[in-house]
Amino acid sequence: MAIIDNHSMRQSALFTKTRREAPKDEVAKNAQLLIRAGFIHKDMTGVYSYLPLGLKVLKKIEQIIREEMNELGGQELFLASLQNKELWEKTNRWDDAAVDIWFKTELKNGAFLGLGMTHEEPITNLMREHIRSIKDLPVAAYQFQTKFRNELRAKSGIMRGREFLMKDLYSFSKNEQSHFEFYEKTKTAYTKIYQRVGLGESTFLTFASGGIFAPYSHEFQTITDAGEDVIYVSREKRIAINKEVYTPEVMKELGVIAEELEEVKSVEVGNIFTLGTRFSEPLELFYNDEKGERTPVFMGSYGIGLGRVMGTIVETMSDEKGIIWPAEVSPFNIHLISLDPKDEVIRSTCDELYNAFQQMGKSVLYDDRDLRPGEKFNDADLIGIPLQIIVGSKNLTNGMVEMKERAKNMATLVPKEKIFATIA
RNA sequence: CGGAGUGUGGUGUAACGGUUAACAUUCUUGAUUUGGGAUCAAGUGACUCCGGGUUCGAAUCCCGGCACUCCGACCA
């Protein structure tokens with residue numbers, strides 16, 4: 001499951017098509033571009049399927065998160081989606097009056113199940129079998145799992161769906177102090193994740209309401225008009241305050257003044273939360289401390305919605321022509337474009353480059369289709385692979401191939417034999 | 001869940017209550033062409049979301065349902 005897909009492929013074999021126009025009922029820019037470029041398919045409101053290109057991006061994001069979670073000491077597992085009603089009754093979260101986003105379903109024998117909207121209950125219950133002693137702590141476990149949420153109003157393309165892939169990590173600590181030591185490390189890990197996926201500049205650690213066990217929780221908010229949240233951000237200090245806790249007291253505590261804060265719309269691309277003993281007590285996750293005393297485990301939860309991250313990248317990194325993927329999450333490293341596959345010299349040059357790039361460890365989407373150049377350029381710009389290598393007779397006659405960064409409008413000519421050194 | 005709007009080939013649009021539902025694009029075939037979705041020809045593709053009703057006649061008007069979009073509320 002954790003294998004990085006670094007396959008290259010010929011575009012003539014790619015079954016997805018690009019299209020000129022977005023479906024009329026799709027308003028969100030992220031969904032419009034991702035559908036036009038053939039990354040995703042909309043099944044119904046708030047429910048999207050990932051096509052080969054989209055899945056590659058999703059897997060890249062997943063792998064970045066996985067590496068950072070492993071670095072934190074997190075251990076990956078995979079919890080079930082079907083959930084036990086009795087567990088949730090113990091924490092008072094089964095009743096629709098308490099939690100109204102459940103998808104519930106029924107067994108043939110009449111018993112009720114829930115489709116997992118989050119996994120605090122099952123993982124807490126599970127840990128009872130593995131955490132008995134103080135020597136078993138701390139523990140951090142995480143998963144990538146489909147969450148089901150019966151949102152009253154799904155919207156914003158893949159940024160707020162009824163079914164979506166989420167990374168959720170749960171921490172189990174012996175006490176508050178140990179918890180916060182870990183909690184601080186997750187901040188760093190999250191910051192690294194957003195940098196790696198290309199959202200570092202526009203993403204801010206944001207103070208939000210903390211619940212009963214901590215003064216604050218922390219959200220990672222990316223500035224974009226496509227967001228649903230409002231934050232007050234200090235770009236200089238690289239922190240922000242969620243509107244919901246934007247008070248003079250909080251500002252004072254964080255050492256900021258209203259004048260240096262800017263009100264912006266943003267999207268919550270991740271959050272970290274101190275759960276305390278909210279779940280360990282009702283579900284009876286206790287350990288024996290040094291004195292042999294039965295003590296509730298102190299917990300935290302840490303989430304990142306992968307689709308939301310992907311949608312946010314598209315929202316913030318695109319132009320009128322299409323998507324501009326950051327290098328680390330691009331479906332391929334290189335878009336190799338042959339302007340005339342019927343020309344023997346161009347074809348053999350492209351084949352040669354295609355093989356050589358792969359041997360360098362680069363993944364390549366090789367546009368070997370027999371189409372007019374304009375159509376290929378438009379497709380390439382729409383799909384948004386950051387580096388385009390264009391081979392046409394005009395330049396190849398002089399021994400040159402063209403190298404174009406998707407983000408810039410300028411192309412540079414590079415002698416064919418120097419191209420490898422240039423991109424390495 | 002409250003409010004508003006929209007449902008017509010794969011996609012985007014058009015059609016006064018009145019022929020065989022039109023145009024563009026996609027797709028197929030052929031010709032021509034090859035540095036920014038070029039051109040030409042032929043062809044495929046629609047019970048106009050579903051169910052009722054009004055009418056001589058409904059894509060069009062009315063009722064109900066469903067779906068989709070937007071605004072709001074909600075968002076462990």
# chains A, B, ... in the order shown; residues from 1 in each chain; ligands from 1
$ interface_residues --of "chain B" --to "chain A" --cutoff "10 Å" --atoms "only C-alpha atoms (C1' of nucleotides)" --output "mmCIF file with N, CA and C atoms (P, O5', C5', C4', C3', O3' and C1' of nucleotides), in the first residue's frame"
data_model
loop_
_atom_site.group_PDB
_atom_site.id
_atom_site.type_symbol
_atom_site.label_atom_id
_atom_site.label_comp_id
_atom_site.auth_asym_id
_atom_site.auth_seq_id
_atom_site.Cartn_x
_atom_site.Cartn_y
_atom_site.Cartn_z
ATOM 1 P P C B 1 -34.113 16.921 5.759
ATOM 2 O "O5'" C B 1 -33.808 18.385 6.315
ATOM 3 C "C5'" C B 1 -34.425 18.761 7.504
ATOM 4 C "C4'" C B 1 -34.176 20.215 7.752
ATOM 5 C "C3'" C B 1 -34.562 21.193 6.636
ATOM 6 O "O3'" C B 1 -35.957 21.441 6.596
ATOM 7 C "C1'" C B 1 -32.470 21.810 7.551
ATOM 8 P P U B 6 -34.895 28.975 -13.056
ATOM 9 O "O5'" U B 6 -33.881 27.803 -13.386
ATOM 10 C "C5'" U B 6 -32.663 28.079 -14.036
ATOM 11 C "C4'" U B 6 -31.841 26.820 -14.145
ATOM 12 C "C3'" U B 6 -32.517 25.658 -14.853
ATOM 13 O "O3'" U B 6 -32.429 25.797 -16.269
ATOM 14 C "C1'" U B 6 -31.491 24.888 -12.865
ATOM 15 P P U B 11 -23.023 14.766 -20.367
ATOM 16 O "O5'" U B 11 -21.975 15.838 -20.896
ATOM 17 C "C5'" U B 11 -20.740 16.023 -20.220
ATOM 18 C "C4'" U B 11 -20.002 17.196 -20.821
ATOM 19 C "C3'" U B 11 -20.825 18.474 -20.945
ATOM 20 O "O3'" U B 11 -20.885 19.198 -19.727
ATOM 21 C "C1'" U B 11 -19.728 18.062 -22.988
ATOM 22 P P G B 12 -22.201 20.029 -19.408
ATOM 23 O "O5'" G B 12 -22.071 21.284 -20.363
ATOM 24 C "C5'" G B 12 -20.979 22.172 -20.211
ATOM 25 C "C4'" G B 12 -21.012 23.215 -21.280
ATOM 26 C "C3'" G B 12 -22.342 23.934 -21.457
ATOM 27 O "O3'" G B 12 -22.523 24.945 -20.494
ATOM 28 C "C1'" G B 12 -21.496 23.311 -23.571
ATOM 29 P P U B 25 -17.256 22.681 -34.330
ATOM 30 O "O5'" U B 25 -16.913 21.942 -32.967
ATOM 31 C "C5'" U B 25 -16.039 22.556 -32.019
ATOM 32 C "C4'" U B 25 -16.067 21.798 -30.722
ATOM 33 C "C3'" U B 25 -15.654 20.334 -30.804
ATOM 34 O "O3'" U B 25 -14.253 20.160 -30.807
ATOM 35 C "C1'" U B 25 -17.624 20.515 -29.528
ATOM 36 P P U B 26 -13.615 18.893 -31.501
ATOM 37 O "O5'" U B 26 -14.098 17.705 -30.575
ATOM 38 C "C5'" U B 26 -13.613 17.601 -29.237
ATOM 39 C "C4'" U B 26 -14.283 16.449 -28.535
ATOM 40 C "C3'" U B 26 -14.108 15.098 -29.216
ATOM 41 O "O3'" U B 26 -12.871 14.503 -28.859
ATOM 42 C "C1'" U B 26 -16.372 15.400 -28.611
ATOM 43 P P U B 33 -0.740 18.255 -47.214
ATOM 44 O "O5'" U B 33 -0.837 18.927 -45.779
ATOM 45 C "C5'" U B 33 -1.005 20.332 -45.659
ATOM 46 C "C4'" U B 33 -1.262 20.716 -44.237
ATOM 47 C "C3'" U B 33 -0.121 20.433 -43.260
ATOM 48 O "O3'" U B 33 0.881 21.431 -43.304
ATOM 49 C "C1'" U B 33 -2.173 19.757 -42.296
ATOM 50 P P U B 34 2.381 21.018 -43.001
ATOM 51 O "O5'" U B 34 2.435 20.988 -41.419
ATOM 52 C "C5'" U B 34 2.017 22.126 -40.655
ATOM 53 C "C4'" U B 34 2.037 21.795 -39.189
ATOM 54 C "C3'" U B 34 3.433 21.463 -38.660
ATOM 55 O "O3'" U B 34 3.554 22.002 -37.357
ATOM 56 C "C1'" U B 34 1.942 19.694 -38.183
ATOM 57 P P G B 35 4.202 23.431 -37.167
ATOM 58 O "O5'" G B 35 4.096 23.466 -35.578
ATOM 59 C "C5'" G B 35 2.824 23.621 -34.932
ATOM 60 C "C4'" G B 35 2.973 24.599 -33.790
ATOM 61 C "C3'" G B 35 3.399 25.996 -34.229
ATOM 62 O "O3'" G B 35 2.866 26.942 -33.317
ATOM 63 C "C1'" G B 35 5.051 25.092 -32.834
ATOM 64 P P G B 36 1.320 27.360 -33.398
ATOM 65 O "O5'" G B 36 0.688 26.305 -32.406
ATOM 66 C "C5'" G B 36 -0.628 25.768 -32.642
ATOM 67 C "C4'" G B 36 -1.502 26.050 -31.462
ATOM 68 C "C3'" G B 36 -1.991 27.490 -31.344
ATOM 69 O "O3'" G B 36 -3.303 27.474 -30.807
ATOM 70 C "C1'" G B 36 -0.817 26.910 -29.395
ATOM 71 P P G B 37 -4.523 27.166 -31.918
ATOM 72 O "O5'" G B 37 -4.658 25.597 -31.798
ATOM 73 C "C5'" G B 37 -5.173 25.012 -30.623
ATOM 74 C "C4'" G B 37 -5.888 23.753 -30.975
ATOM 75 C "C3'" G B 37 -7.258 23.952 -31.639
ATOM 76 O "O3'" G B 37 -7.468 22.794 -32.426
ATOM 77 C "C1'" G B 37 -7.529 22.848 -29.580
ATOM 78 P P A B 38 -8.479 22.782 -33.717
ATOM 79 O "O5'" A B 38 -7.696 23.645 -34.813
ATOM 80 C "C5'" A B 38 -7.904 25.038 -34.937
ATOM 81 C "C4'" A B 38 -7.563 25.461 -36.346
ATOM 82 C "C3'" A B 38 -8.553 25.021 -37.424
ATOM 83 O "O3'" A B 38 -9.668 25.875 -37.494
ATOM 84 C "C1'" A B 38 -6.353 24.515 -38.126
ATOM 85 P P A B 67 -32.243 13.007 -4.421
ATOM 86 O "O5'" A B 67 -31.469 13.556 -5.702
ATOM 87 C "C5'" A B 67 -30.785 12.649 -6.563
ATOM 88 C "C4'" A B 67 -30.256 13.405 -7.760
ATOM 89 C "C3'" A B 67 -29.366 14.595 -7.431
ATOM 90 O "O3'" A B 67 -28.039 14.203 -7.171
ATOM 91 C "C1'" A B 67 -30.970 15.226 -9.039
ATOM 92 P P C B 68 -27.169 15.059 -6.154
ATOM 93 O "O5'" C B 68 -26.852 16.371 -6.988
ATOM 94 C "C5'" C B 68 -26.044 16.301 -8.153
ATOM 95 C "C4'" C B 68 -26.092 17.605 -8.897
ATOM 96 C "C3'" C B 68 -25.733 18.840 -8.092
ATOM 97 O "O3'" C B 68 -24.334 18.992 -7.943
ATOM 98 C "C1'" C B 68 -27.675 19.278 -9.331
ATOM 99 P P U B 69 -23.772 19.756 -6.647
ATOM 100 O "O5'" U B 69 -24.058 21.280 -7.017
ATOM 101 C "C5'" U B 69 -23.397 21.869 -8.121
ATOM 102 C "C4'" U B 69 -23.875 23.280 -8.309
ATOM 103 C "C3'" U B 69 -23.812 24.156 -7.064
ATOM 104 O "O3'" U B 69 -22.516 24.667 -6.840
ATOM 105 C "C1'" U B 69 -25.918 24.420 -8.098
ATOM 106 P P C B 70 -22.075 25.009 -5.331
ATOM 107 O "O5'" C B 70 -22.823 26.391 -5.081
ATOM 108 C "C5'" C B 70 -22.516 27.536 -5.870
ATOM 109 C "C4'" C B 70 -23.511 28.628 -5.604
ATOM 110 C "C3'" C B 70 -23.672 29.022 -4.141
ATOM 111 O "O3'" C B 70 -22.655 29.916 -3.716
ATOM 112 C "C1'" C B 70 -25.804 28.744 -5.088
ATOM 113 P P A B 73 -24.447 31.604 8.291
ATOM 114 O "O5'" A B 73 -25.308 30.449 8.980
ATOM 115 C "C5'" A B 73 -26.317 30.779 9.942
ATOM 116 C "C4'" A B 73 -27.069 29.534 10.342
ATOM 117 C "C3'" A B 73 -26.203 28.406 10.903
ATOM 118 O "O3'" A B 73 -25.952 28.558 12.288
ATOM 119 C "C1'" A B 73 -27.615 27.549 9.224
ATOM 120 P P C B 74 -24.554 28.126 12.885
ATOM 121 O "O5'" C B 74 -24.484 26.573 12.552
ATOM 122 C "C5'" C B 74 -25.321 25.639 13.248
ATOM 123 C "C4'" C B 74 -25.102 24.255 12.696
ATOM 124 C "C3'" C B 74 -23.674 23.718 12.786
ATOM 125 O "O3'" C B 74 -23.397 23.170 14.062
ATOM 126 C "C1'" C B 74 -24.513 23.346 10.615
ATOM 127 P P C B 75 -21.939 23.363 14.681
ATOM 128 O "O5'" C B 75 -21.012 22.543 13.686
ATOM 129 C "C5'" C B 75 -21.046 21.121 13.656
ATOM 130 C "C4'" C B 75 -20.101 20.624 12.594
ATOM 131 C "C3'" C B 75 -18.633 21.005 12.783
ATOM 132 O "O3'" C B 75 -17.970 20.042 13.591
ATOM 133 C "C1'" C B 75 -19.318 21.464 10.541
ATOM 134 P P A B 76 -17.038 20.485 14.819
ATOM 135 O "O5'" A B 76 -16.976 19.172 15.724
ATOM 136 C "C5'" A B 76 -18.159 18.730 16.341
ATOM 137 C "C4'" A B 76 -17.927 17.431 17.049
ATOM 138 C "C3'" A B 76 -16.651 17.430 17.916
ATOM 139 O "O3'" A B 76 -16.953 17.110 19.242
ATOM 140 C "C1'" A B 76 -16.620 15.676 16.267
#
$ select_by_dssp --residues "segment 152-383 of chain A" --states "alpha helix (DSSP H)" --output "PyMOL selection string"
chain A and resi 176-196+248-254+306-316+344-359+373-383
$ residues_around --residues "segment 313-315 of chain A" --least-positions-apart "2" --cutoff "12 Å" --atoms "only C-alpha atoms (C1' of nucleotides)" --output "PyMOL selection string"
chain A and resi 28-35+37+39+54+57-58+61+156-159+194-203+222-227+266-267+269+306-311+317-320+322-330+382-384
$ atom_distance --atom1 "atom CA of Leu77 of chain A" --atom2 "atom CA of Glu89 of chain A"
24.2 Å
$ residues_around --residues "Glu176 of chain A" --least-positions-apart "3" --cutoff "12 Å" --atoms "only C-alpha atoms (C1' of nucleotides)" --output "VMD selection string"
chain A and resid 138 171 to 173 179 to 183 213 to 214 274 to 277 295 to 300
$ write_last_selection --atoms "C-alpha atoms" --output "mmCIF file, in the first residue's frame"
data_model
loop_
_atom_site.group_PDB
_atom_site.id
_atom_site.type_symbol
_atom_site.label_atom_id
_atom_site.label_comp_id
_atom_site.auth_asym_id
_atom_site.auth_seq_id
_atom_site.Cartn_x
_atom_site.Cartn_y
_atom_site.Cartn_z
ATOM 1 C CA PRO A 138 3.651 6.764 24.618
ATOM 2 C CA SER A 171 -1.492 9.821 20.333
ATOM 3 C CA PHE A 172 -1.592 8.076 23.682
ATOM 4 C CA SER A 173 0.473 9.558 26.475
ATOM 5 C CA HIS A 179 1.211 14.693 25.543
ATOM 6 C CA PHE A 180 2.223 18.262 24.902
ATOM 7 C CA GLU A 181 5.785 17.275 24.160
ATOM 8 C CA PHE A 182 4.454 15.102 21.367
ATOM 9 C CA TYR A 183 1.897 17.702 20.353
ATOM 10 C CA PHE A 213 -8.236 19.813 28.061
ATOM 11 C CA ALA A 214 -6.227 22.547 26.355
ATOM 12 C CA THR A 274 -5.854 17.645 22.534
ATOM 13 C CA LEU A 275 -8.430 15.050 23.459
ATOM 14 C CA GLY A 276 -7.259 14.545 27.024
ATOM 15 C CA THR A 277 -9.253 11.815 28.685
ATOM 16 C CA THR A 295 -4.753 6.127 35.275
ATOM 17 C CA PRO A 296 -6.607 7.233 32.138
ATOM 18 C CA VAL A 297 -4.475 7.623 29.028
ATOM 19 C CA PHE A 298 -4.052 11.204 27.814
ATOM 20 C CA MET A 299 -4.881 11.427 24.117
ATOM 21 C CA GLY A 300 -4.599 13.670 21.098
#
$ residues_around --residues "C23 of chain B" --least-positions-apart "5" --cutoff "12 Å" --atoms "only C-alpha atoms (C1' of nucleotides)" --output "PyMOL selection string"
chain B and resi 12-15
$ select_by_dssp --residues "segment 40-263 of chain A" --states "strand (DSSP E or B)" --output "NGL selection string"
:A and (40-44 or 47-50 or 75-76 or 82-84 or 103-106 or 112-115 or 133 or 139-148 or 155 or 160 or 163-173 or 203-209 or 216-223 or 229-234 or 239-242 or 262-263)
$ residues_around --residues "C62 of chain B" --least-positions-apart "4" --cutoff "12 Å" --atoms "only C-alpha atoms (C1' of nucleotides)" --output "VMD selection string"
chain B and resid 52 to 55 58
$ residues_around --residues "segment 403-406 of chain A" --least-positions-apart "3" --cutoff "8 Å" --atoms "only C-alpha atoms (C1' of nucleotides)" --output "list in words"
Ile324, Asp381, Gly384, Ile385, Pro386, Leu387, Gln388, Ile389, Ile390, Asn409, Met410, Ala411, Thr412, Leu413 and Val414 of chain A
